[in-house]
Amino acid sequence: MLAEPCIPPTFALEYSVSDSLWQRCLDRLGRDLSEQELNTWIRPLQVVESRHRLRLLAPNRFVRDWVRDQFLTLIEDAVGELSGDSQAPQVNLEVGSAGVRPRRQKAEESSDQRPKAAEVVIGSRLVADHTFENFVEGKSNQLARAAARQVAENPGQAYNPLFIYGGVGLGKTHLMHAVGNRLLEQNPRARIAYVHSERFVGDMVKALQHNTINDFKRLYRGLDALMIDDIQFFAGKERSQEEFFHTFNALLEGQQQVILNCDRYPKEVNGLEERLKSRFGWGLTVAIEPPELETSVAILFRKAAQDGVDLPDEVAFFIAQRIRSNVRELEGALRRVIANSRFTGQPITLDFTKEALRDLLALHEKLVTIDNIQKTVANYYKMGIKDLLGKRRSRSITRPRQVAMALSKELTNHSLPEIGEEFGGRDHTTVLHACRKVKELRESDARINDDYQNLLRTLTS
Amino acid sequence: MVDGLALGGGQLPLGIELSLETRLDDFLPGPNAEALATANALAEGRWQSNLYLAGASATGKTHLLQGVSHAASAMGRQVAYLPLSRPEMRDPELLAGWAGFDVVCLDDLQSVAGEMAWERALFRLYEDMREAGGQLVFAADEPPASLDLCLPDLASRLAAGPVYRLEPLDDDDLGEALRLRLARRGLSLPDDSARWLMRRVRRDMHSLTRLADRLDHLSLTAQRGLTIPFLRQVLDDT
């Protein structure tokens, strides 16, 4: 592969010593740099220390260049100063990674029953959880699931290519991984690649740059099954389409399976060559629709069960009814409910769920200004802005004025003097009095409370 | 030094201001307790999905992100904080190569939303992190659906972890937050002074943080406590 150079983990162990030179260097740099500079540029550098050399590894060229231009002298000075009398190690700044460190040990221990992610030749690893068994079937995805199943049982024979299209977050990728997982289950030595079209393009560009395009071709054309996600990303990339077209043809001729995903019907993708579009239709094209209510509910139950959470029916229906767009957001909403319950120790009830999702369900807030409040209040009480801001002190005018001031305090960050200023140059004590008066009236007079609530709703919905 | 002399014979403040690291412990939760709890759990590795924080300016997004960076880093986890609105962050290549990290915090997402090259880089980062088992913490002024992203694939992914909308603190909490900030600098703010102050200043966290800095500086210079007469003098001078 064309990855950045990777240092074996054994070397990387050296930098975990807490009183290492680099650690002291960080403390020293903390005096001169802002917290943001430290967290953005300095702390993310991985370090490999040896007696004569301090290797600083940046995740990419951009970070390396910025650190070199802005901070390297500072770092070298700090290293020199901290080394005292002994010879200061040479500081090298490069792009790279100190190897993958053991991560998430706890999470892995606790989910040991889960199968390990399957290895693939190119592209990304398959997600082990994305199996046919874990795919919640409903009317909206039945056909796509059945087709994928067929392909997994008879790769290269049943439908080639299989083209699955549908909106984001509906399970297209899950089905692809399910096919891949099943193929590997049947034949652990099968050469399978799951590649996002972005990565296909990226790898191809790198191969062209490094003069390894022939290796790239050989690798792709030697596959037993190729799955490309989100092929709409190919739009407008002529060179990639060209290369993909040939790969695609070679695989189809060899009866190797190709599965493609797209967010829309192939003919509707702009910027895709006609010959590709027509070839995509040679096999089977199936759609995935957004899930119906029952499927959404079933998905929520399945997800909750995976997390060991007991989800009441009414809660599942409540979430499913309100998040209709896609499964990813449905799961996002569920995760939030679970997080809130876990961290507050409260049980998941309908009221708890409504509270947890209140902002997610609310339409996005409008920015509320004093100006806006004055207009809305004047409109509500059918009076002119001039009166609202003017000097008249009859009750029919002061009441709305006080309500508007109280709303300004509740809905904006302006100081009381600023609010007074906006209401015809009044003193901040007048604003304070208005707020107290309105609070008092809302408790004693249901009509005023209703008015206030109505206005609050109008202004924030 | 000239500044110090101009203040008229008071004690000269030391040249080195105490650098206060942003900690999750100093985050006054108010209505945002759930977001804080999830951020804490994520920093410590007890919460395994991504996190998205939406909220207007001065609602504490950056505080939470910096706090997560600090807490995760203190536990020996590999973490980066990338504020995308800063002028030096001008190349989407910035988002490459982080897959081995435990946590990457992306602040001010709205400043790159709508730019195809950035969105693709974000998409790749998302997928790489997912594959490697790392976590992302996003912050923006709007929730994913309102960011006007070109890539619906990205929008739905951003919404796949919990999305929290941060709410501003109410006056009592703001007063408390100001008191906390001053306390960390060794200054105490009496109740009546706090009430007096909250009726007269802009009630948002950025303004209050700046105010805390100023009060710290001026009270040290003038050798005076935070009494109402002193505060009045400070506000009159602006």
# chains A, B, ... in the order shown; residues from 1 in each chain; ligands from 1

$ residues_around --residues "region 31-45 of chain B" --least-positions-apart "4" --cutoff "9 Å" --atoms "only C-alpha atoms" --output "PyMOL selection string"
(chain A and resi 104+106-107+339-340+343-344+356) or (chain B and resi 24+27+49-51+53+64-65+67-73+75+77+102-103+135+137+162-170)

$ interface_residues --of "chain B" --to "chain A" --cutoff "6 Å" --atoms "only C-alpha atoms" --output "PyMOL selection string"
chain B and resi 34+80-82+94+96-98+100+153+159-162+199-204

$ write_last_selection --atoms "N, CA, C and O atoms" --output "short mmCIF file (atom, residue, chain, number, x, y, z; two decimals), in the first residue's frame"
data_model
loop_
_atom_site.label_atom_id
_atom_site.label_comp_id
_atom_site.auth_asym_id
_atom_site.auth_seq_id
_atom_site.Cartn_x
_atom_site.Cartn_y
_atom_site.Cartn_z
N GLU B 34 -26.00 17.37 30.39
CA GLU B 34 -25.89 16.11 29.65
C GLU B 34 -24.73 16.15 28.66
O GLU B 34 -24.00 15.18 28.52
N ALA B 80 -6.06 15.60 19.38
CA ALA B 80 -5.74 16.86 18.71
C ALA B 80 -6.96 17.77 18.72
O ALA B 80 -8.09 17.30 18.68
N TYR B 81 -6.70 19.06 18.78
CA TYR B 81 -7.76 20.06 18.74
C TYR B 81 -7.57 20.93 17.51
O TYR B 81 -6.54 21.60 17.38
N LEU B 82 -8.51 20.90 16.57
CA LEU B 82 -8.36 21.64 15.32
C LEU B 82 -9.46 22.69 15.15
O LEU B 82 -10.59 22.36 14.81
N LEU B 94 -4.94 19.39 6.09
CA LEU B 94 -4.86 19.39 7.55
C LEU B 94 -5.58 18.18 8.16
O LEU B 94 -5.21 17.70 9.22
N ALA B 96 -5.79 15.13 7.05
CA ALA B 96 -5.26 13.81 6.70
C ALA B 96 -4.35 13.28 7.81
O ALA B 96 -3.73 14.05 8.54
N GLY B 97 -4.30 11.97 7.94
CA GLY B 97 -3.28 11.34 8.79
C GLY B 97 -3.60 11.24 10.27
O GLY B 97 -2.74 10.89 11.05
N TRP B 98 -4.85 11.52 10.68
CA TRP B 98 -5.18 11.49 12.10
C TRP B 98 -5.75 10.14 12.54
O TRP B 98 -6.14 9.98 13.70
N GLY B 100 -4.80 7.34 13.47
CA GLY B 100 -4.27 6.61 14.61
C GLY B 100 -4.59 7.27 15.95
O GLY B 100 -4.27 6.73 17.00
N ASP B 153 -24.22 12.79 2.59
CA ASP B 153 -23.57 11.65 3.27
C ASP B 153 -22.84 12.11 4.52
O ASP B 153 -22.78 11.41 5.51
N ALA B 159 -24.72 13.47 12.17
CA ALA B 159 -25.87 13.34 13.06
C ALA B 159 -25.95 11.95 13.70
O ALA B 159 -26.88 11.67 14.44
N ALA B 160 -24.97 11.10 13.41
CA ALA B 160 -25.06 9.71 13.88
C ALA B 160 -24.60 9.52 15.32
O ALA B 160 -24.99 8.57 15.97
N GLY B 161 -23.77 10.43 15.82
CA GLY B 161 -23.45 10.39 17.25
C GLY B 161 -24.50 11.24 17.92
O GLY B 161 -25.33 11.79 17.25
N PRO B 162 -24.50 11.36 19.24
CA PRO B 162 -25.50 12.27 19.79
C PRO B 162 -25.18 13.72 19.41
O PRO B 162 -24.01 14.10 19.35
N ARG B 199 -26.37 43.15 36.49
CA ARG B 199 -27.38 44.05 35.94
C ARG B 199 -26.77 45.06 34.99
O ARG B 199 -27.48 45.86 34.40
N ARG B 200 -25.48 45.10 34.90
CA ARG B 200 -24.86 46.19 34.16
C ARG B 200 -23.95 45.76 33.02
O ARG B 200 -23.49 46.60 32.25
N VAL B 201 -23.66 44.50 32.93
CA VAL B 201 -22.71 44.08 31.89
C VAL B 201 -23.38 43.18 30.86
O VAL B 201 -24.47 42.68 31.10
N ARG B 202 -22.71 42.97 29.76
CA ARG B 202 -23.22 42.04 28.75
C ARG B 202 -23.22 40.63 29.34
O ARG B 202 -22.23 40.18 29.88
N ARG B 203 -24.35 39.97 29.18
CA ARG B 203 -24.50 38.69 29.86
C ARG B 203 -24.19 37.52 28.93
O ARG B 203 -25.08 36.80 28.52
N ASP B 204 -22.97 37.42 28.50
CA ASP B 204 -22.55 36.22 27.79
C ASP B 204 -21.15 35.86 28.24
O ASP B 204 -20.42 36.70 28.76
#

$ select_by_dssp --residues "region 165-398 of chain A" --states "strand (DSSP E or B)" --output "CSV table (one decimal) with N, CA, C and O atoms, in the first residue's frame"
chain,number,residue,atom,x,y,z
A,165,TYR,N,-29.3,1.6,-4.9
A,165,TYR,CA,-29.4,3.1,-4.7
A,165,TYR,C,-30.4,3.5,-3.7
A,165,TYR,O,-31.4,2.7,-3.5
A,192,ILE,N,-11.3,-9.8,-1.4
A,192,ILE,CA,-12.5,-9.0,-1.5
A,192,ILE,C,-12.0,-7.5,-1.1
A,192,ILE,O,-11.2,-7.3,-0.3
A,193,ALA,N,-12.6,-6.6,-1.8
A,193,ALA,CA,-12.3,-5.2,-1.5
A,193,ALA,C,-13.6,-4.4,-1.3
A,193,ALA,O,-14.4,-4.4,-2.2
A,194,TYR,N,-13.6,-3.7,-0.2
A,194,TYR,CA,-14.7,-2.7,0.0
A,194,TYR,C,-14.0,-1.3,-0.1
A,194,TYR,O,-13.1,-1.0,0.7
A,195,VAL,N,-14.3,-0.5,-1.1
A,195,VAL,CA,-13.6,0.7,-1.2
A,195,VAL,C,-14.6,1.9,-1.4
A,195,VAL,O,-15.6,1.8,-2.2
A,196,HIS,N,-14.4,2.9,-0.7
A,196,HIS,CA,-15.3,4.1,-0.9
A,196,HIS,C,-14.7,4.8,-2.2
A,196,HIS,O,-13.5,4.8,-2.4
A,225,ALA,N,-14.2,-10.1,-5.5
A,225,ALA,CA,-15.4,-9.3,-5.5
A,225,ALA,C,-14.9,-7.8,-5.1
A,225,ALA,O,-14.0,-7.6,-4.3
A,226,LEU,N,-15.5,-6.9,-5.8
A,226,LEU,CA,-15.2,-5.5,-5.6
A,226,LEU,C,-16.5,-4.8,-5.2
A,226,LEU,O,-17.5,-4.8,-5.9
A,227,MET,N,-16.5,-4.0,-4.1
A,227,MET,CA,-17.6,-3.3,-3.7
A,227,MET,C,-17.2,-1.8,-3.6
A,227,MET,O,-16.2,-1.5,-2.9
A,228,ILE,N,-17.9,-1.0,-4.4
A,228,ILE,CA,-17.6,0.5,-4.4
A,228,ILE,C,-18.7,1.2,-3.8
A,228,ILE,O,-19.9,1.2,-4.3
A,229,ASP,N,-18.5,2.0,-2.8
A,229,ASP,CA,-19.5,2.8,-2.1
A,229,ASP,C,-19.6,4.2,-2.7
A,229,ASP,O,-18.6,4.8,-3.0
A,257,GLN,N,-17.5,-10.6,-8.9
A,257,GLN,CA,-18.7,-9.9,-8.5
A,257,GLN,C,-18.3,-8.4,-8.3
A,257,GLN,O,-17.3,-8.1,-7.7
A,258,VAL,N,-19.2,-7.5,-8.8
A,258,VAL,CA,-19.1,-6.1,-8.5
A,258,VAL,C,-20.4,-5.6,-7.9
A,258,VAL,O,-21.5,-6.0,-8.4
A,259,ILE,N,-20.3,-4.9,-6.8
A,259,ILE,CA,-21.5,-4.3,-6.2
A,259,ILE,C,-21.2,-2.8,-6.0
A,259,ILE,O,-20.1,-2.4,-5.6
A,260,LEU,N,-22.2,-2.0,-6.4
A,260,LEU,CA,-22.1,-0.6,-6.4
A,260,LEU,C,-23.2,0.0,-5.6
A,260,LEU,O,-24.3,-0.4,-5.7
A,261,ASN,N,-22.9,1.1,-4.9
A,261,ASN,CA,-23.9,1.9,-4.2
A,261,ASN,C,-23.9,3.3,-4.7
A,261,ASN,O,-22.9,3.8,-5.1
A,262,CYS,N,-25.1,3.9,-4.6
A,262,CYS,CA,-25.2,5.3,-5.1
A,262,CYS,C,-26.3,5.9,-4.4
A,262,CYS,O,-27.3,5.2,-3.9
A,284,LEU,N,-28.5,-6.0,-11.9
A,284,LEU,CA,-29.8,-5.7,-11.3
A,284,LEU,C,-29.6,-4.4,-10.5
A,284,LEU,O,-28.6,-4.2,-9.8
A,285,THR,N,-30.6,-3.5,-10.7
A,285,THR,CA,-30.6,-2.3,-10.0
A,285,THR,C,-31.8,-2.3,-9.0
A,285,THR,O,-32.9,-2.5,-9.4
A,286,VAL,N,-31.5,-2.1,-7.7
A,286,VAL,CA,-32.6,-2.1,-6.7
A,286,VAL,C,-32.5,-0.9,-5.8
A,286,VAL,O,-31.4,-0.3,-5.6
A,287,ALA,N,-33.6,-0.5,-5.3
A,287,ALA,CA,-33.7,0.7,-4.5
A,287,ALA,C,-33.9,0.4,-3.0
A,287,ALA,O,-34.5,-0.7,-2.7

$ atom_distance --atom1 "CA of Leu149 (chain B)" --atom2 "CA of Arg124 (chain B)"
14.9 Å

$ atom_distance --atom1 "CA of Gly271 (chain A)" --atom2 "CA of Ile231 (chain A)"
11.3 Å

$ atom_distance --atom1 "CA of Tyr265 (chain A)" --atom2 "CA of Asn181 (chain A)"
25.6 Å

$ residues_around --residues "Phe230 (chain B)" --least-positions-apart "5" --cutoff "10 Å" --atoms "only C-alpha atoms" --output "tab-separated table (two decimals) with N, CA and C atoms, in the first residue's frame"
chain	number	residue	atom	x	y	z
B	193	SER	N	-21.94	42.26	45.06
B	193	SER	CA	-21.17	42.75	43.91
B	193	SER	C	-21.58	41.99	42.66
B	215	LEU	N	-10.71	42.51	35.58
B	215	LEU	CA	-10.84	42.70	37.02
B	215	LEU	C	-9.61	42.16	37.74
B	218	LEU	N	-6.83	44.74	37.14
B	218	LEU	CA	-7.04	46.04	37.78
B	218	LEU	C	-7.06	45.92	39.31
B	219	SER	N	-7.65	44.82	39.80
B	219	SER	CA	-7.73	44.74	41.26
B	219	SER	C	-6.35	44.51	41.86
B	222	ALA	N	-4.62	47.98	41.60
B	222	ALA	CA	-5.14	48.97	42.53
B	222	ALA	C	-5.13	48.46	43.96
B	224	ARG	N	-7.22	46.46	45.41
B	224	ARG	CA	-8.55	46.59	45.99
B	224	ARG	C	-9.37	45.34	45.74
B	225	GLY	N	-10.26	45.04	46.65
B	225	GLY	CA	-11.18	43.91	46.47
B	225	GLY	C	-12.30	44.29	45.53
B	235	LEU	N	-16.26	50.02	35.59
B	235	LEU	CA	-17.22	50.13	34.48
B	235	LEU	C	-17.27	51.56	33.94
B	236	ASP	N	-17.15	52.55	34.83
B	236	ASP	CA	-17.18	53.95	34.39
B	236	ASP	C	-16.01	54.27	33.48

$ select_by_dssp --residues "region 263-390 of chain A" --states "alpha helix (DSSP H)" --output "number ranges by chain"
A: 274-280, 293-306, 313-322, 327-344, 350-356, 358-361, 370-380, 385-389

$ residues_around --residues "Gly171 (chain A)" --least-positions-apart "4" --cutoff "9 Å" --atoms "only C-alpha atoms" --output "number ranges by chain"
A: 135, 141, 166, 175-176, 288, 327-328

$ residues_around --residues "Arg181 (chain B)" --least-positions-apart "5" --cutoff "12 Å" --atoms "only C-alpha atoms" --output "MDAnalysis selection string"
chainID B and resid 20:23 25:28 174:176 186:189 205:206 208:216

$ residues_around --residues "region 320-324 of chain A" --least-positions-apart "2" --cutoff "8 Å" --atoms "only C-alpha atoms" --output "ChimeraX atom specification"
/A:290-291,293,296-297,300,316-318,326,329-330,361

$ write_last_selection --atoms "C-alpha atoms" --output "PDB file, in the first residue's frame"
ATOM      1  CA  PRO A 290     -36.623   5.207   3.915  1.00  0.00           C
ATOM      2  CA  PRO A 291     -37.949   2.765   6.526  1.00  0.00           C
ATOM      3  CA  LEU A 293     -42.552   3.255  11.014  1.00  0.00           C
ATOM      4  CA  SER A 296     -37.729   2.081  12.320  1.00  0.00           C
ATOM      5  CA  VAL A 297     -39.148   0.780  15.578  1.00  0.00           C
ATOM      6  CA  LEU A 300     -34.424   0.957  17.493  1.00  0.00           C
ATOM      7  CA  ALA A 316     -39.413   3.535  20.378  1.00  0.00           C
ATOM      8  CA  PHE A 317     -42.586   4.679  18.611  1.00  0.00           C
ATOM      9  CA  PHE A 318     -42.070   8.251  19.755  1.00  0.00           C
ATOM     10  CA  ASN A 326     -32.791   8.129   7.810  1.00  0.00           C
ATOM     11  CA  GLU A 329     -30.100   9.960  12.481  1.00  0.00           C
ATOM     12  CA  LEU A 330     -32.546   7.578  14.093  1.00  0.00           C
ATOM     13  CA  LEU A 361     -36.906  17.870  17.569  1.00  0.00           C
TER      14      LEU A 361
END

$ residues_around --residues "Tyr380 (chain A)" --least-positions-apart "2" --cutoff "12 Å" --atoms "only C-alpha atoms" --output "list in words"
Ile373, Gln374, Lys375, Thr376, Val377, Ala378, Lys382, Met383, Gly384, Ile385, Leu388, Pro400, Arg401, Val403, Ala404, Asp451, Tyr452, Asn454, Leu455, Leu456, Thr458 and Leu459 of chain A

$ decode --residues "region 44-77 of chain B" --atoms "N, CA and C atoms" --output "PDB file, in the first residue's frame"
ATOM      1  N   GLU B  44     -12.634  10.231  28.674  1.00  0.00           N
ATOM      2  CA  GLU B  44     -12.053   9.155  29.482  1.00  0.00           C
ATOM      3  C   GLU B  44     -12.195   7.784  28.839  1.00  0.00           C
ATOM      4  N   GLY B  45     -12.772   7.747  27.634  1.00  0.00           N
ATOM      5  CA  GLY B  45     -12.881   6.476  26.929  1.00  0.00           C
ATOM      6  C   GLY B  45     -14.054   5.629  27.390  1.00  0.00           C
ATOM      7  N   ARG B  46     -15.032   6.247  28.077  1.00  0.00           N
ATOM      8  CA  ARG B  46     -16.188   5.482  28.539  1.00  0.00           C
ATOM      9  C   ARG B  46     -17.382   5.635  27.596  1.00  0.00           C
ATOM     10  N   TRP B  47     -17.223   6.378  26.528  1.00  0.00           N
ATOM     11  CA  TRP B  47     -18.328   6.590  25.587  1.00  0.00           C
ATOM     12  C   TRP B  47     -17.770   6.433  24.181  1.00  0.00           C
ATOM     13  N   GLN B  48     -18.350   5.514  23.413  1.00  0.00           N
ATOM     14  CA  GLN B  48     -17.659   5.089  22.199  1.00  0.00           C
ATOM     15  C   GLN B  48     -18.190   5.651  20.889  1.00  0.00           C
ATOM     16  N   SER B  49     -19.125   6.557  20.898  1.00  0.00           N
ATOM     17  CA  SER B  49     -19.483   7.117  19.587  1.00  0.00           C
ATOM     18  C   SER B  49     -19.040   8.574  19.518  1.00  0.00           C
ATOM     19  N   ASN B  50     -19.175   9.161  18.348  1.00  0.00           N
ATOM     20  CA  ASN B  50     -18.767  10.551  18.176  1.00  0.00           C
ATOM     21  C   ASN B  50     -19.719  11.462  18.938  1.00  0.00           C
ATOM     22  N   LEU B  51     -19.380  12.733  18.955  1.00  0.00           N
ATOM     23  CA  LEU B  51     -20.195  13.699  19.688  1.00  0.00           C
ATOM     24  C   LEU B  51     -20.247  14.988  18.868  1.00  0.00           C
ATOM     25  N   TYR B  52     -21.421  15.595  18.824  1.00  0.00           N
ATOM     26  CA  TYR B  52     -21.571  16.835  18.049  1.00  0.00           C
ATOM     27  C   TYR B  52     -22.199  17.881  18.954  1.00  0.00           C
ATOM     28  N   LEU B  53     -21.547  19.027  19.065  1.00  0.00           N
ATOM     29  CA  LEU B  53     -22.057  20.102  19.915  1.00  0.00           C
ATOM     30  C   LEU B  53     -22.453  21.279  19.040  1.00  0.00           C
ATOM     31  N   ALA B  54     -23.730  21.662  19.111  1.00  0.00           N
ATOM     32  CA  ALA B  54     -24.189  22.823  18.357  1.00  0.00           C
ATOM     33  C   ALA B  54     -24.561  23.905  19.347  1.00  0.00           C
ATOM     34  N   GLY B  55     -24.283  25.149  18.995  1.00  0.00           N
ATOM     35  CA  GLY B  55     -24.673  26.227  19.901  1.00  0.00           C
ATOM     36  C   GLY B  55     -24.167  27.555  19.389  1.00  0.00           C
ATOM     37  N   ALA B  56     -24.862  28.612  19.800  1.00  0.00           N
ATOM     38  CA  ALA B  56     -24.460  29.954  19.383  1.00  0.00           C
ATOM     39  C   ALA B  56     -23.096  30.270  19.985  1.00  0.00           C
ATOM     40  N   SER B  57     -22.552  31.395  19.590  1.00  0.00           N
ATOM     41  CA  SER B  57     -21.280  31.841  20.119  1.00  0.00           C
ATOM     42  C   SER B  57     -21.395  31.993  21.642  1.00  0.00           C
ATOM     43  N   ALA B  58     -20.320  31.674  22.345  1.00  0.00           N
ATOM     44  CA  ALA B  58     -20.246  31.859  23.799  1.00  0.00           C
ATOM     45  C   ALA B  58     -21.171  30.930  24.584  1.00  0.00           C
ATOM     46  N   THR B  59     -21.498  29.779  24.045  1.00  0.00           N
ATOM     47  CA  THR B  59     -22.270  28.824  24.821  1.00  0.00           C
ATOM     48  C   THR B  59     -21.379  27.720  25.392  1.00  0.00           C
ATOM     49  N   GLY B  60     -20.071  27.764  25.098  1.00  0.00           N
ATOM     50  CA  GLY B  60     -19.160  26.825  25.758  1.00  0.00           C
ATOM     51  C   GLY B  60     -18.627  25.708  24.876  1.00  0.00           C
ATOM     52  N   LYS B  61     -18.815  25.821  23.556  1.00  0.00           N
ATOM     53  CA  LYS B  61     -18.360  24.749  22.666  1.00  0.00           C
ATOM     54  C   LYS B  61     -16.848  24.570  22.763  1.00  0.00           C
ATOM     55  N   THR B  62     -16.125  25.688  22.612  1.00  0.00           N
ATOM     56  CA  THR B  62     -14.672  25.612  22.618  1.00  0.00           C
ATOM     57  C   THR B  62     -14.166  25.139  23.985  1.00  0.00           C
ATOM     58  N   HIS B  63     -14.818  25.605  25.034  1.00  0.00           N
ATOM     59  CA  HIS B  63     -14.433  25.162  26.381  1.00  0.00           C
ATOM     60  C   HIS B  63     -14.528  23.633  26.479  1.00  0.00           C
ATOM     61  N   LEU B  64     -15.646  23.073  26.005  1.00  0.00           N
ATOM     62  CA  LEU B  64     -15.803  21.623  26.086  1.00  0.00           C
ATOM     63  C   LEU B  64     -14.754  20.900  25.243  1.00  0.00           C
ATOM     64  N   LEU B  65     -14.496  21.410  24.037  1.00  0.00           N
ATOM     65  CA  LEU B  65     -13.516  20.760  23.160  1.00  0.00           C
ATOM     66  C   LEU B  65     -12.106  20.815  23.752  1.00  0.00           C
ATOM     67  N   GLN B  66     -11.729  22.012  24.222  1.00  0.00           N
ATOM     68  CA  GLN B  66     -10.401  22.141  24.839  1.00  0.00           C
ATOM     69  C   GLN B  66     -10.331  21.270  26.097  1.00  0.00           C
ATOM     70  N   GLY B  67     -11.441  21.224  26.814  1.00  0.00           N
ATOM     71  CA  GLY B  67     -11.496  20.413  28.029  1.00  0.00           C
ATOM     72  C   GLY B  67     -11.328  18.938  27.716  1.00  0.00           C
ATOM     73  N   VAL B  68     -11.994  18.482  26.645  1.00  0.00           N
ATOM     74  CA  VAL B  68     -11.848  17.081  26.221  1.00  0.00           C
ATOM     75  C   VAL B  68     -10.386  16.828  25.843  1.00  0.00           C
ATOM     76  N   SER B  69      -9.790  17.761  25.087  1.00  0.00           N
ATOM     77  CA  SER B  69      -8.385  17.596  24.680  1.00  0.00           C
ATOM     78  C   SER B  69      -7.508  17.442  25.910  1.00  0.00           C
ATOM     79  N   HIS B  70      -7.729  18.309  26.861  1.00  0.00           N
ATOM     80  CA  HIS B  70      -6.884  18.298  28.046  1.00  0.00           C
ATOM     81  C   HIS B  70      -7.058  16.996  28.833  1.00  0.00           C
ATOM     82  N   ALA B  71      -8.331  16.617  29.048  1.00  0.00           N
ATOM     83  CA  ALA B  71      -8.604  15.437  29.877  1.00  0.00           C
ATOM     84  C   ALA B  71      -8.088  14.168  29.196  1.00  0.00           C
ATOM     85  N   ALA B  72      -8.322  14.040  27.888  1.00  0.00           N
ATOM     86  CA  ALA B  72      -7.883  12.845  27.188  1.00  0.00           C
ATOM     87  C   ALA B  72      -6.354  12.778  27.174  1.00  0.00           C
ATOM     88  N   SER B  73      -5.727  13.928  26.942  1.00  0.00           N
ATOM     89  CA  SER B  73      -4.277  13.988  26.895  1.00  0.00           C
ATOM     90  C   SER B  73      -3.677  13.636  28.259  1.00  0.00           C
ATOM     91  N   ALA B  74      -4.326  14.095  29.321  1.00  0.00           N
ATOM     92  CA  ALA B  74      -3.837  13.795  30.665  1.00  0.00           C
ATOM     93  C   ALA B  74      -3.903  12.297  30.965  1.00  0.00           C
ATOM     94  N   MET B  75      -4.807  11.600  30.273  1.00  0.00           N
ATOM     95  CA  MET B  75      -4.904  10.154  30.474  1.00  0.00           C
ATOM     96  C   MET B  75      -3.971   9.388  29.552  1.00  0.00           C
ATOM     97  N   GLY B  76      -3.123  10.125  28.843  1.00  0.00           N
ATOM     98  CA  GLY B  76      -2.163   9.483  27.957  1.00  0.00           C
ATOM     99  C   GLY B  76      -2.754   9.096  26.618  1.00  0.00           C
ATOM    100  N   ARG B  77      -3.932   9.649  26.294  1.00  0.00           N
ATOM    101  CA  ARG B  77      -4.522   9.334  25.003  1.00  0.00           C
ATOM    102  C   ARG B  77      -4.029  10.348  23.974  1.00  0.00           C
TER     103      ARG B  77
END
